[in-house]
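Raw target_6.pdb, PDB, C-alpha atoms:
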MODEL        1
ATOM      1  CA  MET A   1      -7.905  11.052 -19.369
ATOM      2  CA  ALA A   2      -8.940   7.591 -18.242
ATOM      3  CA  VAL A   3     -12.115   5.962 -16.669
ATOM      4  CA  VAL A   4     -13.809   2.507 -16.254
ATOM      5  CA  VAL A   5     -13.369  -1.119 -17.578
ATOM      6  CA  SER A   6     -14.077  -3.256 -20.593
ATOM      7  CA  PRO A   7     -15.230  -6.849 -20.854
ATOM      8  CA  GLN A   8     -14.314  -9.826 -22.998
ATOM      9  CA  CYS A   9     -16.002 -10.228 -26.351
ATOM     10  CA  PHE A  10     -18.381 -12.892 -25.118
ATOM     11  CA  PHE A  11     -20.752 -12.230 -22.244
ATOM     12  CA  GLN A  12     -21.312  -8.793 -23.759
ATOM     13  CA  ILE A  13     -24.573  -8.072 -21.980
ATOM     14  CA  ILE A  14     -23.365  -9.108 -18.531
ATOM     15  CA  LEU A  15     -20.123  -7.214 -18.871
ATOM     16  CA  LEU A  16     -21.790  -3.888 -19.511
ATOM     17  CA  ILE A  17     -21.524  -3.553 -15.745
ATOM     18  CA  SER A  18     -17.788  -4.045 -15.864
ATOM     19  CA  LEU A  19     -17.363  -1.029 -18.063
ATOM     20  CA  PHE A  20     -18.677   1.020 -15.154
ATOM     21  CA  GLN A  21     -17.032  -0.593 -12.210
ATOM     22  CA  PHE A  22     -13.756  -2.110 -13.043
ATOM     23  CA  SER A  23     -11.879  -0.127 -15.626
ATOM     24  CA  LEU A  24     -11.561   3.397 -14.261
ATOM     25  CA  ALA A  25      -9.977   4.984 -17.270
ATOM     26  CA  THR A  26     -12.529   6.681 -19.700
ATOM     27  CA  ARG A  27     -14.092   3.837 -21.680
ATOM     28  CA  ARG A  28     -17.527   3.731 -23.246
ATOM     29  CA  LEU A  29     -20.013   1.039 -22.316
ATOM     30  CA  ASN A  30     -20.106  -0.549 -25.747
ATOM     31  CA  GLU A  31     -16.338  -1.023 -26.074
ATOM     32  CA  LEU A  32     -14.994  -4.519 -25.548
ATOM     33  CA  VAL A  33     -11.544  -5.887 -24.881
ATOM     34  CA  GLN A  34      -9.959  -7.025 -28.103
ATOM     35  CA  ASP A  35      -7.142  -9.347 -27.076
ATOM     36  CA  GLN A  36      -6.077  -9.708 -23.459
ATOM     37  CA  SER A  37      -3.260 -12.083 -24.392
ATOM     38  CA  GLN A  38      -1.199  -9.174 -25.669
ATOM     39  CA  LEU A  39       1.069  -7.161 -23.426
ATOM     40  CA  LEU A  40      -0.145  -3.615 -22.887
ATOM     41  CA  HIS A  41       1.947  -1.592 -25.290
ATOM     42  CA  TYR A  42       4.437   0.960 -23.958
ATOM     43  CA  HIS A  43       4.111   4.303 -25.741
ATOM     44  CA  ASN A  44       7.478   5.663 -24.542
ATOM     45  CA  GLY A  45       6.049   8.294 -22.221
ATOM     46  CA  PRO A  46       7.371   9.156 -18.749
ATOM     47  CA  LEU A  47       6.324   7.204 -15.681
ATOM     48  CA  LEU A  48       6.311   8.350 -12.063
ATOM     49  CA  TYR A  49       9.561   7.701 -10.208
ATOM     50  CA  GLY A  50      10.868   8.177  -6.706
ATOM     51  CA  LYS A  51       8.834   9.060  -3.651
ATOM     52  CA  ILE A  52       5.355  10.212  -4.619
ATOM     53  CA  SER A  53       3.042  11.875  -2.116
ATOM     54  CA  VAL A  54      -0.671  11.174  -2.354
ATOM     55  CA  ASN A  55      -2.628  14.301  -1.466
ATOM     56  CA  LEU A  56      -6.300  13.814  -0.644
ATOM     57  CA  ILE A  57      -8.898  16.475  -1.429
ATOM     58  CA  TRP A  58     -12.060  15.548   0.498
ATOM     59  CA  TYR A  59     -15.000  17.220  -1.217
ATOM     60  CA  GLY A  60     -18.209  17.128   0.787
ATOM     61  CA  GLN A  61     -19.077  15.330   4.001
ATOM     62  CA  PHE A  62     -17.096  12.278   5.110
ATOM     63  CA  LYS A  63     -17.125  10.675   8.537
ATOM     64  CA  PRO A  64     -13.763  10.190  10.286
ATOM     65  CA  SER A  65     -14.281   6.425  10.029
ATOM     66  CA  GLN A  66     -14.718   6.743   6.256
ATOM     67  CA  LYS A  67     -11.562   8.806   5.875
ATOM     68  CA  ALA A  68      -9.652   6.180   7.847
ATOM     69  CA  ILE A  69     -10.658   3.455   5.361
ATOM     70  CA  ILE A  70      -9.016   5.427   2.538
ATOM     71  CA  THR A  71      -5.928   6.626   4.435
ATOM     72  CA  ASP A  72      -5.198   3.149   5.781
ATOM     73  CA  PHE A  73      -5.426   1.800   2.232
ATOM     74  CA  ILE A  74      -2.911   4.359   0.942
ATOM     75  CA  THR A  75      -0.422   3.735   3.741
ATOM     76  CA  SER A  76      -0.794  -0.009   3.119
ATOM     77  CA  LEU A  77       0.457   0.280  -0.468
ATOM     78  CA  SER A  78       4.091   0.672   0.567
ATOM     79  CA  SER A  79       3.952  -0.682   4.102
ATOM     80  CA  PRO A  80       6.553  -3.316   5.118
ATOM     81  CA  MET A  81       4.271  -4.300   8.006
ATOM     82  CA  ALA A  82       1.431  -5.142   5.623
ATOM     83  CA  GLN A  83       3.684  -7.510   3.679
ATOM     84  CA  SER A  84       4.030  -9.769   6.704
ATOM     85  CA  ASN A  85       0.309 -10.550   6.663
ATOM     86  CA  GLN A  86      -0.415 -12.178   3.319
ATOM     87  CA  PRO A  87      -2.051 -11.633   0.956
ATOM     88  CA  SER A  88      -1.406  -7.917   1.401
ATOM     89  CA  VAL A  89      -2.136  -4.593  -0.260
ATOM     90  CA  ALA A  90       1.626  -4.054  -0.616
ATOM     91  CA  THR A  91       2.034  -7.351  -2.490
ATOM     92  CA  TRP A  92      -0.829  -6.410  -4.818
ATOM     93  CA  TRP A  93       0.888  -3.096  -5.578
ATOM     94  CA  LYS A  94       4.181  -4.773  -6.487
ATOM     95  CA  THR A  95       2.663  -5.979  -9.758
ATOM     96  CA  THR A  96       2.851  -2.391 -11.032
ATOM     97  CA  GLU A  97       6.640  -2.432 -10.506
ATOM     98  CA  LYS A  98       6.990  -5.005 -13.275
ATOM     99  CA  TYR A  99       5.977  -2.361 -15.802
ATOM    100  CA  TYR A 100       8.846  -0.166 -14.642
ATOM    101  CA  HIS A 101      11.346  -2.950 -15.204
ATOM    102  CA  LEU A 102      10.122  -3.265 -18.794
ATOM    103  CA  SER A 103      10.388   0.427 -19.555
ATOM    104  CA  SER A 104      13.225   1.474 -21.844
ATOM    105  CA  LYS A 105      13.225   4.886 -20.197
ATOM    106  CA  LYS A 106      14.107   3.870 -16.679
ATOM    107  CA  SER A 107      15.793   6.558 -14.638
ATOM    108  CA  LYS A 108      18.896   5.884 -12.560
ATOM    109  CA  SER A 109      16.570   5.323  -9.640
ATOM    110  CA  SER A 110      13.635   3.324 -10.916
ATOM    111  CA  SER A 111      12.034   2.851  -7.510
ATOM    112  CA  PHE A 112       8.506   4.122  -7.040
ATOM    113  CA  SER A 113       6.733   4.417  -3.707
ATOM    114  CA  LEU A 114       3.580   6.114  -2.504
ATOM    115  CA  SER A 115       3.088   7.826   0.843
ATOM    116  CA  LEU A 116       0.198   9.724   2.366
ATOM    117  CA  GLY A 117       0.659  13.462   1.864
ATOM    118  CA  LYS A 118      -1.594  16.388   2.713
ATOM    119  CA  GLN A 119      -5.320  16.184   3.328
ATOM    120  CA  ILE A 120      -7.401  19.125   2.158
ATOM    121  CA  LEU A 121     -10.981  19.504   3.363
ATOM    122  CA  ASP A 122     -13.724  21.142   1.297
ATOM    123  CA  GLU A 123     -16.710  20.325   3.473
ATOM    124  CA  ASN A 124     -18.771  23.325   2.350
ATOM    125  CA  TYR A 125     -18.990  22.325  -1.337
ATOM    126  CA  SER A 126     -17.105  25.367  -2.674
ATOM    127  CA  LEU A 127     -18.038  24.487  -6.265
ATOM    128  CA  GLY A 128     -21.537  23.237  -5.505
ATOM    129  CA  LYS A 129     -22.944  19.725  -5.506
ATOM    130  CA  SER A 130     -22.915  19.227  -9.269
ATOM    131  CA  LEU A 131     -19.391  19.072 -10.684
ATOM    132  CA  THR A 132     -18.013  19.015 -14.220
ATOM    133  CA  SER A 133     -14.749  17.467 -15.354
ATOM    134  CA  LYS A 134     -13.199  20.945 -15.292
ATOM    135  CA  HIS A 135     -14.234  21.271 -11.660
ATOM    136  CA  LEU A 136     -12.370  18.057 -10.875
ATOM    137  CA  VAL A 137      -9.159  19.440 -12.392
ATOM    138  CA  GLU A 138      -9.657  22.663 -10.433
ATOM    139  CA  LEU A 139     -10.075  20.736  -7.190
ATOM    140  CA  SER A 140      -7.102  18.494  -7.893
ATOM    141  CA  SER A 141      -4.865  21.534  -8.392
ATOM    142  CA  LYS A 142      -5.368  22.461  -4.729
ATOM    143  CA  GLY A 143      -2.750  19.903  -3.825
ATOM    144  CA  ASP A 144       0.974  20.270  -4.458
ATOM    145  CA  GLN A 145       1.922  19.553  -8.052
ATOM    146  CA  LYS A 146       5.457  18.212  -7.828
ATOM    147  CA  ASN A 147       6.063  14.503  -7.178
ATOM    148  CA  THR A 148       2.453  13.965  -6.217
ATOM    149  CA  ILE A 149      -0.777  12.297  -7.152
ATOM    150  CA  ASN A 150      -3.704  14.494  -6.152
ATOM    151  CA  VAL A 151      -6.831  12.492  -5.359
ATOM    152  CA  VAL A 152     -10.268  14.131  -5.320
ATOM    153  CA  LEU A 153     -12.859  12.169  -3.337
ATOM    154  CA  THR A 154     -16.478  13.295  -3.636
ATOM    155  CA  SER A 155     -19.108  12.422  -1.047
ATOM    156  CA  ALA A 156     -22.317  10.508  -1.696
ATOM    157  CA  ASP A 157     -24.428  13.668  -2.168
ATOM    158  CA  VAL A 158     -22.221  15.113  -4.941
ATOM    159  CA  ALA A 159     -23.124  14.569  -8.607
ATOM    160  CA  VAL A 160     -20.249  14.519 -11.087
ATOM    161  CA  GLU A 161     -20.388  14.732 -14.866
ATOM    162  CA  GLY A 162     -20.587  11.182 -16.232
ATOM    163  CA  PHE A 163     -20.765   9.594 -12.775
ATOM    164  CA  CYS A 164     -22.907   6.432 -12.824
ATOM    165  CA  MET A 165     -23.415   6.867 -16.576
ATOM    166  CA  ASN A 166     -20.019   5.924 -17.970
ATOM    167  CA  ARG A 167     -17.598   6.148 -15.075
ATOM    168  CA  CYS A 168     -17.089   5.551 -11.354
ATOM    169  CA  GLY A 169     -13.898   7.573 -11.271
ATOM    170  CA  THR A 170     -11.140   8.771 -13.542
ATOM    171  CA  HIS A 171      -7.444   9.564 -13.704
ATOM    172  CA  GLY A 172      -5.593  12.042 -15.847
ATOM    173  CA  SER A 173      -3.029  14.813 -15.781
ATOM    174  CA  SER A 174      -3.055  18.581 -15.800
ATOM    175  CA  SER A 175      -0.492  21.269 -16.512
ATOM    176  CA  VAL A 176      -2.205  24.050 -14.614
ATOM    177  CA  GLY A 177       0.309  23.846 -11.769
ATOM    178  CA  HIS A 178       3.453  25.962 -11.659
ATOM    179  CA  VAL A 179       6.662  24.934  -9.927
ATOM    180  CA  LYS A 180       9.516  27.467  -9.762
ATOM    181  CA  GLY A 181       7.979  29.531 -12.545
ATOM    182  CA  LYS A 182       7.623  26.607 -14.939
ATOM    183  CA  ASN A 183       4.488  24.885 -16.112
ATOM    184  CA  TYR A 184       4.394  21.461 -14.454
ATOM    185  CA  LYS A 185       2.244  18.490 -15.362
ATOM    186  CA  PHE A 186       0.880  16.501 -12.445
ATOM    187  CA  ALA A 187      -1.250  13.379 -12.150
ATOM    188  CA  TYR A 188      -4.665  13.364 -10.520
ATOM    189  CA  ILE A 189      -7.454  10.932  -9.689
ATOM    190  CA  TRP A 190     -11.131  11.373  -8.933
ATOM    191  CA  VAL A 191     -13.374   8.775  -7.296
ATOM    192  CA  GLY A 192     -16.984   9.258  -6.186
ATOM    193  CA  ASN A 193     -18.958   7.636  -3.376
ATOM    194  CA  SER A 194     -21.695   5.740  -5.212
ATOM    195  CA  GLU A 195     -23.604   4.507  -2.138
ATOM    196  CA  THR A 196     -26.803   6.456  -2.866
ATOM    197  CA  GLN A 197     -26.415   7.096  -6.597
ATOM    198  CA  CYS A 198     -25.374   3.833  -8.248
ATOM    199  CA  PRO A 199     -23.994   1.183  -5.870
ATOM    200  CA  GLY A 200     -25.169  -1.533  -8.253
ATOM    201  CA  LEU A 201     -22.692  -0.206 -10.818
ATOM    202  CA  CYS A 202     -19.782   1.281  -8.888
ATOM    203  CA  ALA A 203     -19.848  -0.692  -5.624
ATOM    204  CA  TRP A 204     -20.404  -4.211  -6.980
ATOM    205  CA  PRO A 205     -19.892  -6.882  -5.636
ATOM    206  CA  PHE A 206     -20.969  -5.248  -2.361
ATOM    207  CA  HIS A 207     -24.381  -4.351  -3.791
ATOM    208  CA  GLN A 208     -26.911  -6.126  -5.977
ATOM    209  CA  PRO A 209     -25.944  -5.484  -9.611
ATOM    210  CA  ILE A 210     -28.295  -3.490 -11.828
ATOM    211  CA  TYR A 211     -27.651  -5.787 -14.784
ATOM    212  CA  GLY A 212     -26.633  -9.395 -15.227
ATOM    213  CA  PRO A 213     -26.887 -12.346 -12.830
ATOM    214  CA  GLN A 214     -28.577 -11.338  -9.578
ATOM    215  CA  SER A 215     -26.281 -13.111  -7.148
ATOM    216  CA  PRO A 216     -26.424 -11.981  -3.501
ATOM    217  CA  PRO A 217     -24.116  -9.058  -2.700
ATOM    218  CA  LEU A 218     -21.008  -9.716  -0.645
ATOM    219  CA  ILE A 219     -20.452  -8.214   2.787
ATOM    220  CA  ALA A 220     -18.088  -5.234   2.602
ATOM    221  CA  PRO A 221     -14.871  -5.757   4.617
ATOM    222  CA  ASN A 222     -15.056  -2.320   6.250
ATOM    223  CA  ASN A 223     -18.835  -2.387   6.660
ATOM    224  CA  ASP A 224     -19.313   0.561   4.306
ATOM    225  CA  VAL A 225     -20.575  -0.272   0.813
ATOM    226  CA  GLY A 226     -19.817   3.178  -0.570
ATOM    227  CA  LEU A 227     -16.277   3.449   0.812
ATOM    228  CA  ASP A 228     -15.317  -0.163   0.113
ATOM    229  CA  GLY A 229     -16.514   0.451  -3.437
ATOM    230  CA  MET A 230     -14.397   3.596  -3.585
ATOM    231  CA  VAL A 231     -11.331   1.560  -2.573
ATOM    232  CA  ILE A 232     -11.882  -0.835  -5.494
ATOM    233  CA  ASN A 233     -12.113   2.055  -7.942
ATOM    234  CA  LEU A 234      -9.263   3.997  -6.333
ATOM    235  CA  ALA A 235      -7.018   0.932  -6.495
ATOM    236  CA  SER A 236      -7.780   0.518 -10.200
ATOM    237  CA  LEU A 237      -6.968   4.160 -10.840
ATOM    238  CA  PHE A 238      -3.745   4.061  -8.843
ATOM    239  CA  ALA A 239      -2.609   1.174 -11.041
ATOM    240  CA  GLY A 240      -3.587   3.119 -14.157
ATOM    241  CA  THR A 241      -1.799   6.226 -12.912
ATOM    242  CA  ALA A 242       1.380   4.319 -12.076
ATOM    243  CA  THR A 243       1.591   2.642 -15.487
ATOM    244  CA  ASN A 244       0.053   5.380 -17.657
ATOM    245  CA  PRO A 245       0.249   8.680 -15.739
ATOM    246  CA  PHE A 246       0.263  11.111 -18.649
ATOM    247  CA  GLY A 247      -1.569   9.213 -21.371
ATOM    248  CA  ASN A 248       1.518   7.850 -23.135
ATOM    249  CA  GLY A 249       2.653   4.997 -20.892
ATOM    250  CA  TYR A 250       1.359   1.419 -20.910
ATOM    251  CA  PHE A 251      -2.060   0.904 -22.453
ATOM    252  CA  GLN A 252      -3.931  -0.736 -25.279
ATOM    253  CA  GLY A 253      -6.406   0.864 -27.654
ATOM    254  CA  PRO A 254      -7.142   4.559 -28.224
ATOM    255  CA  ALA A 255      -5.422   7.004 -25.864
ATOM    256  CA  GLU A 256      -8.705   8.753 -25.052
ATOM    257  CA  SER A 257     -10.219   5.492 -23.766
ATOM    258  CA  PRO A 258      -7.291   3.255 -22.882
ATOM    259  CA  LEU A 259      -7.279  -0.280 -21.584
ATOM    260  CA  GLU A 260      -4.884  -0.254 -18.630
ATOM    261  CA  ALA A 261      -3.379  -2.515 -15.960
ATOM    262  CA  ALA A 262      -6.595  -2.947 -13.945
ATOM    263  CA  SER A 263      -9.188  -2.367 -16.646
ATOM    264  CA  ALA A 264      -7.703  -5.257 -18.628
ATOM    265  CA  CYS A 265      -9.142  -7.575 -15.952
ATOM    266  CA  PRO A 266     -12.736  -6.388 -15.427
ATOM    267  CA  GLY A 267     -14.705  -8.033 -12.648
ATOM    268  CA  VAL A 268     -11.849 -10.329 -11.599
ATOM    269  CA  TYR A 269     -10.876 -10.369  -7.911
ATOM    270  CA  ALA A 270      -9.817 -13.956  -7.286
ATOM    271  CA  LYS A 271      -9.278 -17.269  -9.044
ATOM    272  CA  GLY A 272     -12.418 -18.803 -10.481
ATOM    273  CA  ALA A 273     -13.985 -15.440 -11.370
ATOM    274  CA  TYR A 274     -16.477 -15.212 -14.215
ATOM    275  CA  PRO A 275     -19.043 -12.573 -15.260
ATOM    276  CA  GLY A 276     -21.213 -11.860 -12.252
ATOM    277  CA  TYR A 277     -18.933 -13.766  -9.841
ATOM    278  CA  ALA A 278     -15.931 -12.062  -8.254
ATOM    279  CA  GLY A 279     -14.004 -15.273  -7.625
ATOM    280  CA  ASN A 280     -13.075 -17.524  -4.705
ATOM    281  CA  LEU A 281     -12.428 -14.798  -2.146
ATOM    282  CA  LEU A 282     -11.333 -15.026   1.459
ATOM    283  CA  VAL A 283     -14.106 -14.663   4.024
ATOM    284  CA  ASP A 284     -13.722 -13.192   7.504
ATOM    285  CA  SER A 285     -14.840 -15.839   9.988
ATOM    286  CA  THR A 286     -16.294 -13.244  12.353
ATOM    287  CA  THR A 287     -18.032 -10.762  10.073
ATOM    288  CA  GLY A 288     -18.610 -12.862   6.970
ATOM    289  CA  ALA A 289     -17.037 -10.103   4.863
ATOM    290  CA  SER A 290     -15.272 -10.976   1.604
ATOM    291  CA  TYR A 291     -11.778  -9.681   0.881
ATOM    292  CA  ASN A 292      -8.504 -10.547  -0.825
ATOM    293  CA  ALA A 293      -5.905  -8.300   0.843
ATOM    294  CA  HIS A 294      -4.732  -7.343   4.321
ATOM    295  CA  GLY A 295      -3.839  -3.734   5.069
ATOM    296  CA  ASN A 296      -2.590  -1.589   7.921
ATOM    297  CA  ASN A 297      -4.389  -1.344  11.251
ATOM    298  CA  GLY A 298      -6.039  -4.704  10.786
ATOM    299  CA  ARG A 299      -7.899  -3.585   7.662
ATOM    300  CA  LYS A 300      -9.126  -5.927   4.969
ATOM    301  CA  TYR A 301      -9.771  -4.807   1.405
ATOM    302  CA  LEU A 302     -11.075  -6.107  -1.904
ATOM    303  CA  LEU A 303      -8.717  -5.176  -4.755
ATOM    304  CA  PRO A 304      -9.043  -5.777  -8.508
ATOM    305  CA  ALA A 305      -6.831  -8.159 -10.440
ATOM    306  CA  LEU A 306      -3.978  -6.536 -12.348
ATOM    307  CA  TYR A 307      -2.623  -7.494 -15.744
ATOM    308  CA  ASP A 308       0.799  -9.034 -15.115
ATOM    309  CA  PRO A 309       3.214  -8.270 -17.979
ATOM    310  CA  SER A 310       5.494 -11.134 -16.947
ATOM    311  CA  THR A 311       2.789 -13.804 -17.284
ATOM    312  CA  LEU A 312       0.546 -12.044 -19.825
ATOM    313  CA  SER A 313      -2.426 -12.800 -17.611
ATOM    314  CA  CYS A 314      -4.627 -11.286 -14.918
ATOM    315  CA  SER A 315      -2.912 -11.703 -11.573
ATOM    316  CA  THR A 316      -4.924 -12.198  -8.383
ATOM    317  CA  LEU A 317      -3.832 -12.409  -4.762
ATOM    318  CA  VAL A 318      -6.024 -15.437  -3.977
TER     319      VAL A 318
ENDMDL
END

Could you rewrite the structure in this file as structure tokens?
Amino acid sequence: MAVVVSPQCFFQIILLISLFQFSLATRRLNELVQDQSQLLHYHNGPLLYGKISVNLIWYGQFKPSQKAIITDFITSLSSPMAQSNQPSVATWWKTTEKYYHLSSKKSKSSSFSLSLGKQILDENYSLGKSLTSKHLVELSSKGDQKNTINVVLTSADVAVEGFCMNRCGTHGSSSVGHVKGKNYKFAYIWVGNSETQCPGLCAWPFHQPIYGPQSPPLIAPNNDVGLDGMVINLASLFAGTATNPFGNGYFQGPAESPLEAASACPGVYAKGAYPGYAGNLLVDSTTGASYNAHGNNGRKYLLPALYDPSTLSCSTLV
């Protein structure tokens, strides 16, 4: 199972934040990146191929406007329309395809695309407002298990084991699902809304950081600190799921706390980034909001840099 990011060896104190916000694959706060110049090693495990449906399990209370921020982001990942307005979410996502071209276990059809699948509502908190990791697996199994990624999204009033302590979200896999009588392993993601619990950790740079340089927070592109923070974390976890869905794909370090495509670039969103500064982002002339990617329906998003295996460096859109 995977969770949040790791920093570079220097700037250790400042980058304790990054371990919360930017890695999204289960890493501990005191673990540091060893050598980002190396290509993330491929461990010969299967990747996700073909058309993958993203099923959303909404746990708790979300406004329709908040749901639209997430659904528009997902549809933007593989949207031809979004590619015409650069830089785009779809262009950002294409970096993950480079890992597939490197894989020695490519299928005959090595294409990989995401589409919005079912949306399951659990507005009455069926498992309560304090969830364990086992609860997250149970919730994720409510979605279909074949050719899917099941995403559990918890509302701001839901506490989750480890949330705000050592993770903002996580991705992993489970074999609890059964397809045609056979045990089937499926990939899942969980991301929490940190707006009231720890926005300084999981929604930076849209909130004042708890640690490190106290630079002014940026204006969130969708005017929702919690949801725009969720998009950052969800994007990181999608990249980790695509390149390391079952714990034996592309990663560096121990399998139980892997460094993955997004967590290899903690706190980097644009060129010129350094600890405590997200980089030289685009700014909306009307709202003053900071962003680096265009999405569907006129949306703007802030997405993390991804480790590019072709350049052996962190790739940004701007």

Name the residues that the PyMOL selection byres ((chain A and resi 68) around 12) picks from the file above, as a PyMOL selection string, using the file's chain letters and numbers. chain A and resi 56+62-67+69-76+116+119+222+224+227-228+231+295-299

I'd like the contact shell of A:Ser113 - 8 Å cut-off, only C-alpha atoms, skipping same-chain residues fewer than 4 positions apart - returned as a ChimeraX atom specification. /A:49-52,78

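Summary of the local environment: counting only C-alpha atoms, residues at most 7 Å from A:Ser53, other than itself and those fewer than 6 positions away along its chain, are Leu114, Ser115, Leu116, Gly117, Asn147, Thr148 and Ile149 of chain A.
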
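The shortest atom-to-atom distance to A:Leu281, with all atoms listed in the file taken into account, belongs to A:Thr316 out of A:Gln208, A:Asn85, A:Ser126, A:Thr316.
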
Could you give me, as an NGL selection string, the residues within 7 Å of A:Ala262, counting all atoms listed in the file and dropping anything in the same chain fewer than 4 positions from it? :A and (23 or 236 or 239-240 or 304-307)

Quick one: residues within 8 Å of A:Lys300, all atoms listed in the file counted, chain neighbours fewer than 5 positions away excluded, as a PyMOL selection string? chain A and resi 221-222+291-295

A:Asp157 environment, 12 Å, all atoms listed in the file, sequence neighbours closer than 6 positions dropped, as a PyMOL selection string: chain A and resi 59-62+123+125+128-131+163+192-198+226

Selection result for the PyMOL selection byres ((chain A and resi 187) around 6) on this file, as a ChimeraX atom specification: /A:149,172-173,186,188

Could you jot down the atom CA of A:Gly249 to atom CA of A:Ile120 separation for me, Å, one decimal place? 28.8 Å

Which residue is closest to A:Phe206? Choose from A:Ala289, A:Val158, A:Leu48, A:Val268 and count all atoms listed in the file. A:Ala289

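Among the candidates A:His135, A:His41, A:Arg167, A:Lys142, the one nearest to A:Leu259 when counting all atoms listed in the file is A:His41.
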
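The space separating atom CA of A:Leu312 from atom CA of A:Trp92 comes to 16.1 Å.
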
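This file, filtered with the PyMOL selection byres ((chain A and resi 276) around 7), gives the residues Gly212, Pro213, Tyr274, Pro275, Tyr277 and Ala278 of chain A.
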
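Of the residues listed (A:Val54, A:Leu40, A:Ala159, A:Cys164), A:Leu40 shows the shortest atom-to-atom separation from A:Asn248; distances use all atoms listed in the file.
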
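Rounded to one decimal, atom CA of A:Leu153 and atom CA of A:Val191 lie 5.2 Å from each other.
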
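Each of A:Thr286, A:Thr243, A:Ser263, A:Asn44 was compared to A:Trp93 using all atoms listed in the file, and A:Thr243 turns out to be the nearest.
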